[in-house]
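Below is one structure, written out as structure tokens; comments come after it.
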Number of protein chains: 2
Amino acid sequence: MSAVPGRFLTIEGIEGVGKSTQVARLSQGLNERGIAHVVTREPGGTPLAERIREIVLSSDDARGETLPPTAELLLMFAARAVHVTNLVEPNLRAGRWVVCDRFIDATYAYQGGGRRLSADAIGRLETMVLGARRPDLTLLLDAPVEQALGRARKRNAGAAADRFESERAEFFERVRDAYRARAAAEPDRIAVIDASQSVDRVATQILELLEARSWIS
Amino acid sequence: MSAVPGRFLTIEGIEGVGKSTQVARLSQGLNERGIAHVVTREPGGTPLAERIREIVLSSDDARGETLPPTAELLLMFAARAVHVTNLVEPNLRAGRWVVCDRFIDATYAYQGGGRRLSADAIGRLETMVLGARRPDLTLLLDAPVEQALGRARKRNAGAAADRFESERAEFFERVRDAYRARAAAEPDRIAVIDASQSVDRVATQILELLEARSWIS
């Protein structure tokens with residue numbers, strides 16, 4: 001066990017902005033610098049939390065039963081409680097970095113902005129589940145909705161859409177607005193990155209952000 | 001659709017007090033009087049909520065991963081949000097009675113009393129998920145823990161215990177105490193019934209309680 005706790009990095013953004021690619025590039029960059037880390041995602045990240053993820057993402061059509069927005073919100077936080085307790089905290093305590101594809105800001109963006117659930121309710125659940133734990137740095141990959149969704153549709157051609165992928169552009173406009181509002185309110189923690197740039201340019205900018213904080217060299 | 005909303009009855013108590021038997025007897029009594037009703041249970045009651053139930057009840061051993069108490073609480077309320085929205089409310093609105101094996105009081109008893117989670121946190125989730133909806137009448141089947149657990153163990157002989165069944169007697173003493181404290185605080189809604197009496201005597205007392213309210217004759 002290291003005396004220095006690991007850094008907690010989260011990557012956020014709507015479908016199609018290139019999160020998975022940038023998580024992989026960031027992991028490669030950390031490996032090249034010998035920084036021990038785990039890559040994970042929400043909802044999910046552990047076998048138990050992935051079981052909750054399946055329930056959240058399976059489409060209403062496939063289920064023949066609607067998932068009410070409040071139930072979706074509670075499942076997201078249940079999965080988060082499992083993930084944080086069983087994976088995020090133990091790794092950070094052991095000195096490993098944690099790189100997470102989506103985290104708390106996604107709840108404010110999707111369930112708050114997208115589904116219009118109250119930010120107060122989300123805030124109370126955040127306190128209950130996270131206590132004082134917050135990401136050390138959040139990278140918000142931002143691009144116009146039409147551009148991002150076009151990329152997501154191309155990638156998923158032929159595959160069945162999950163409950164979020166089947167939402168309309170107007171839903172994702174609200175999600176994007178909520179993400180940007182979070183970034184404006186917490187500029188020190190959340191860095192907005194123009195995801196319409198090339199993959200290489202985005203990957204370089206992310207590493208530069210870590211260098212500027214003297215977390216890597 | 002009836003102009004008269006249905007009655008919402010819940011049956012509560014620890015393992016082995018005879019809830020399932022009394023739910024069946026009550027249903028039979030309602031059928032004999034031509035009262036349209038549905039019998040359901042928590043956690044669960046709909047296909048989607050039953051999927052959440054499976055996650056909550058599967059033992060930590062079977063999962064190889066611990067379910068943190070806060071996650072358990074959030075899953076219970078997620079399943080409840082699904083159940084209330086998709087089954088309880090539509091049936092009550094249609095004039096049918098709903099007879100539910102465990103409901104909100106079980107959360108205060110098991111997650112509050114048993115797991116020692118804060119009643120404040122439970123109360124906030126209750127408001128978020130139930131709004132003003134509460135049972136019209138709750139039947140608390142009460143018996144000494146050793147007697148009830150002895151009956152439950154006999155019934156389950158040879159079967160694997162779920163996460164709650166594998167708790168110790170001391171856990172169920174806390175659950176029973178929390179149930180009785182709820183009943184003392186809300187005597188008009190919660191009727192305590194001595195479950196150490198014969199099955200017939202308990203069934204008769206339950207019907208007498210409904211007659212006393214002029215809900216049946």
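Identifiers in the structure tokens: chain A, B, ... in order shown; residue index from 1 per chain; ligand index from 1 in order shown.
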
Least-squares superpose chain B onto chain A - every C-alpha atom, paired in order - and show me the moved coordinates as a compact mmCIF listing (two decimals) with C-alpha atoms, in the first residue's frame.
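Printed below is part.txt as written:
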```txt
# COMPACT_ATOMS: atom_id res chain seq x y z
CA MET B 1 0.04 0.00 -0.07
CA SER B 2 1.41 3.38 -1.15
CA ALA B 3 1.48 6.35 1.20
CA VAL B 4 0.33 8.58 -1.67
CA PRO B 5 -3.32 8.08 -2.61
CA GLY B 6 -4.08 7.68 -6.30
CA ARG B 7 -5.65 10.34 -8.49
CA PHE B 8 -9.30 9.98 -9.47
CA LEU B 9 -9.97 11.03 -13.07
CA THR B 10 -13.36 10.90 -14.76
CA ILE B 11 -14.19 11.35 -18.44
CA GLU B 12 -17.61 12.69 -19.34
CA GLY B 13 -19.63 13.56 -22.41
CA ILE B 14 -22.59 12.49 -24.52
CA GLU B 15 -22.69 9.49 -26.85
CA GLY B 16 -20.22 9.70 -29.73
CA VAL B 17 -17.73 12.29 -28.37
CA GLY B 18 -14.95 9.68 -28.23
CA LYS B 19 -14.82 8.84 -24.53
CA SER B 20 -13.79 5.20 -24.95
CA THR B 21 -10.99 6.13 -27.34
CA GLN B 22 -9.66 8.83 -25.01
CA VAL B 23 -9.89 6.56 -21.96
CA ALA B 24 -7.71 4.04 -23.87
CA ARG B 25 -5.24 6.76 -24.96
CA LEU B 26 -5.01 8.14 -21.42
CA SER B 27 -4.40 4.65 -20.05
CA GLN B 28 -1.64 4.18 -22.61
CA GLY B 29 -0.10 7.52 -21.58
CA LEU B 30 -0.16 6.51 -17.90
CA ASN B 31 1.38 3.12 -18.72
CA GLU B 32 4.21 4.80 -20.61
CA ARG B 33 4.95 6.80 -17.46
CA GLY B 34 4.72 3.76 -15.17
CA ILE B 35 1.67 5.06 -13.30
CA ALA B 36 -0.35 2.19 -11.81
CA HIS B 37 -4.02 2.68 -12.57
CA VAL B 38 -7.33 0.94 -13.19
CA VAL B 39 -9.76 1.79 -15.98
CA THR B 40 -13.43 1.46 -15.10
CA ARG B 41 -16.85 2.81 -16.04
CA GLU B 42 -20.26 3.76 -14.73
CA PRO B 43 -22.85 2.51 -14.40
CA GLY B 44 -20.97 -0.71 -13.67
CA GLY B 45 -17.31 -1.35 -12.99
CA THR B 46 -17.75 -4.45 -10.81
CA PRO B 47 -19.69 -7.67 -11.54
CA LEU B 48 -22.46 -6.64 -9.13
CA ALA B 49 -22.68 -3.07 -10.46
CA GLU B 50 -22.71 -4.39 -14.03
CA ARG B 51 -25.82 -6.40 -13.15
CA ILE B 52 -27.50 -3.16 -12.12
CA ARG B 53 -26.23 -1.52 -15.33
CA GLU B 54 -27.97 -4.19 -17.40
CA ILE B 55 -31.30 -3.35 -15.78
CA VAL B 56 -30.85 0.38 -16.40
CA LEU B 57 -29.78 0.08 -20.03
CA SER B 58 -32.05 -2.69 -21.30
CA SER B 59 -34.63 -0.99 -23.47
CA ASP B 60 -38.22 -0.60 -22.32
CA ASP B 61 -39.29 -2.56 -25.40
CA ALA B 62 -37.13 -5.55 -24.44
CA ARG B 63 -38.52 -5.45 -20.92
CA GLY B 64 -42.16 -4.86 -21.76
CA GLU B 65 -42.22 -2.61 -18.69
CA THR B 66 -41.25 1.02 -18.23
CA LEU B 67 -38.46 2.03 -15.85
CA PRO B 68 -39.71 5.17 -14.05
CA PRO B 69 -37.16 8.05 -13.99
CA THR B 70 -36.91 7.97 -10.18
CA ALA B 71 -36.12 4.24 -10.30
CA GLU B 72 -33.47 4.90 -12.93
CA LEU B 73 -31.89 7.54 -10.67
CA LEU B 74 -31.88 5.21 -7.65
CA LEU B 75 -30.38 2.35 -9.67
CA MET B 76 -27.61 4.67 -10.90
CA PHE B 77 -26.73 5.59 -7.31
CA ALA B 78 -27.04 1.97 -6.12
CA ALA B 79 -24.55 0.92 -8.80
CA ARG B 80 -22.33 3.87 -7.82
CA ALA B 81 -22.39 2.87 -4.13
CA VAL B 82 -21.25 -0.64 -5.10
CA HIS B 83 -18.58 0.66 -7.50
CA VAL B 84 -17.14 3.30 -5.16
CA THR B 85 -17.06 1.00 -2.12
CA ASN B 86 -15.75 -2.12 -3.84
CA LEU B 87 -13.45 -0.72 -6.53
CA VAL B 88 -12.78 3.05 -6.56
CA GLU B 89 -11.92 3.60 -2.89
CA PRO B 90 -9.75 0.48 -2.40
CA ASN B 91 -7.70 1.35 -5.49
CA LEU B 92 -7.23 5.00 -4.54
CA ARG B 93 -6.20 3.96 -1.02
CA ALA B 94 -3.68 1.53 -2.52
CA GLY B 95 -2.09 4.42 -4.44
CA ARG B 96 -3.46 3.46 -7.85
CA TRP B 97 -5.08 6.02 -10.11
CA VAL B 98 -8.67 5.39 -11.17
CA VAL B 99 -9.76 6.43 -14.68
CA CYS B 100 -13.55 6.23 -14.89
CA ASP B 101 -15.72 6.50 -18.01
CA ARG B 102 -18.64 8.58 -16.63
CA PHE B 103 -19.34 9.32 -12.95
CA ILE B 104 -21.39 11.75 -10.84
CA ASP B 105 -21.56 14.51 -13.47
CA ALA B 106 -23.29 12.08 -15.84
CA THR B 107 -26.12 11.76 -13.32
CA TYR B 108 -26.65 15.53 -13.22
CA ALA B 109 -26.47 15.59 -17.03
CA TYR B 110 -28.63 12.58 -17.96
CA GLN B 111 -31.07 12.19 -15.06
CA GLY B 112 -31.05 15.90 -14.18
CA GLY B 113 -30.77 17.62 -17.57
CA GLY B 114 -32.08 14.79 -19.75
CA ARG B 115 -34.87 13.40 -17.56
CA ARG B 116 -35.49 16.69 -15.72
CA LEU B 117 -35.19 15.17 -12.23
CA SER B 118 -34.49 17.72 -9.50
CA ALA B 119 -30.88 18.65 -8.81
CA ASP B 120 -31.77 18.74 -5.10
CA ALA B 121 -32.76 15.08 -5.13
CA ILE B 122 -29.58 14.20 -7.00
CA GLY B 123 -27.53 16.26 -4.53
CA ARG B 124 -28.98 14.43 -1.53
CA LEU B 125 -28.17 11.05 -3.09
CA GLU B 126 -24.68 12.31 -3.98
CA THR B 127 -24.05 13.15 -0.32
CA MET B 128 -25.48 9.82 0.85
CA VAL B 129 -23.38 7.74 -1.54
CA LEU B 130 -20.16 9.71 -2.04
CA GLY B 131 -19.67 11.57 1.24
CA ALA B 132 -16.75 13.91 0.47
CA ARG B 133 -15.36 11.83 -2.44
CA ARG B 134 -15.22 13.74 -5.75
CA PRO B 135 -13.06 13.29 -8.85
CA ASP B 136 -9.72 15.09 -8.69
CA LEU B 137 -10.17 16.05 -12.33
CA THR B 138 -13.01 15.63 -14.80
CA LEU B 139 -12.44 15.80 -18.54
CA LEU B 140 -15.61 16.88 -20.34
CA LEU B 141 -15.39 15.95 -24.02
CA ASP B 142 -17.70 18.42 -25.72
CA ALA B 143 -18.98 18.47 -29.29
CA PRO B 144 -22.16 19.57 -31.09
CA VAL B 145 -24.94 17.03 -30.57
CA GLU B 146 -25.51 16.32 -34.27
CA GLN B 147 -21.84 15.62 -34.86
CA ALA B 148 -21.53 13.33 -31.81
CA LEU B 149 -24.75 11.44 -32.51
CA GLY B 150 -23.74 10.95 -36.13
CA ARG B 151 -20.54 9.29 -34.95
CA ALA B 152 -22.42 7.14 -32.39
CA ARG B 153 -24.96 6.03 -35.01
CA LYS B 154 -22.19 5.07 -37.43
CA ARG B 155 -20.45 3.03 -34.72
CA ASN B 156 -23.66 1.28 -33.64
CA ALA B 157 -25.05 0.61 -37.12
CA GLY B 158 -27.01 -2.62 -36.98
CA ALA B 159 -26.91 -2.94 -33.18
CA ALA B 160 -30.02 -2.41 -31.03
CA ALA B 161 -30.04 0.97 -29.27
CA ASP B 162 -30.09 1.00 -25.45
CA ARG B 163 -32.48 3.22 -23.46
CA PHE B 164 -30.26 6.27 -23.72
CA GLU B 165 -29.12 5.79 -27.30
CA SER B 166 -32.75 5.69 -28.42
CA GLU B 167 -33.43 9.19 -27.04
CA ARG B 168 -33.89 12.10 -29.48
CA ALA B 169 -31.42 14.87 -30.26
CA GLU B 170 -33.40 17.27 -28.07
CA PHE B 171 -32.71 15.03 -25.05
CA PHE B 172 -28.97 15.14 -25.75
CA GLU B 173 -29.05 18.92 -26.14
CA ARG B 174 -30.37 19.09 -22.57
CA VAL B 175 -27.69 16.61 -21.43
CA ARG B 176 -24.95 18.64 -23.12
CA ASP B 177 -26.26 21.90 -21.63
CA ALA B 178 -26.29 20.35 -18.14
CA TYR B 179 -22.72 19.10 -18.59
CA ARG B 180 -21.55 22.56 -19.68
CA ALA B 181 -23.36 24.20 -16.77
CA ARG B 182 -21.53 21.86 -14.37
CA ALA B 183 -18.21 22.78 -15.96
CA ALA B 184 -18.98 26.51 -15.71
CA ALA B 185 -19.83 26.09 -12.01
CA GLU B 186 -16.70 24.05 -11.18
CA PRO B 187 -13.98 25.23 -13.58
CA ASP B 188 -11.13 24.03 -11.34
CA ARG B 189 -12.33 20.44 -11.35
CA ILE B 190 -13.97 20.13 -14.78
CA ALA B 191 -11.96 20.85 -17.95
CA VAL B 192 -13.94 21.25 -21.16
CA ILE B 193 -12.15 19.77 -24.17
CA ASP B 194 -13.22 20.39 -27.76
CA ALA B 195 -13.98 16.85 -28.92
CA SER B 196 -14.49 17.90 -32.53
CA GLN B 197 -10.71 18.06 -32.85
CA SER B 198 -8.67 15.05 -34.02
CA VAL B 199 -8.25 12.08 -31.66
CA ASP B 200 -4.52 12.84 -31.37
CA ARG B 201 -5.09 16.49 -30.53
CA VAL B 202 -7.63 15.62 -27.80
CA ALA B 203 -5.31 12.95 -26.35
CA THR B 204 -2.43 15.42 -26.26
CA GLN B 205 -4.54 18.09 -24.56
CA ILE B 206 -5.54 15.64 -21.84
CA LEU B 207 -1.92 14.76 -21.09
CA GLU B 208 -1.02 18.46 -21.09
CA LEU B 209 -3.71 19.08 -18.46
CA LEU B 210 -2.11 16.45 -16.22
CA GLU B 211 1.36 17.92 -16.83
CA ALA B 212 0.10 21.40 -15.96
CA ARG B 213 -0.97 20.01 -12.58
CA SER B 214 2.45 18.33 -12.17
CA TRP B 215 0.71 14.95 -11.83
CA ILE B 216 2.76 13.52 -14.69
CA SER B 217 5.86 14.70 -16.49
```

(request) May I have all residues of segment 5-173 of chain B that DSSP, computed from the backbone, assigns to strand (DSSP E), given as number ranges by chain? (result) B: 8-12, 37-41, 97-101, 137-142

(request) Using backbone DSSP assignments, extract all alpha helix (DSSP H) residues from segment 11-202 of chain A; output them as a ChimeraX atom specification. (result) /A:19-32,47-57,60-63,69-83,89-93,104-106,119-130,145-155,169-185,199-202
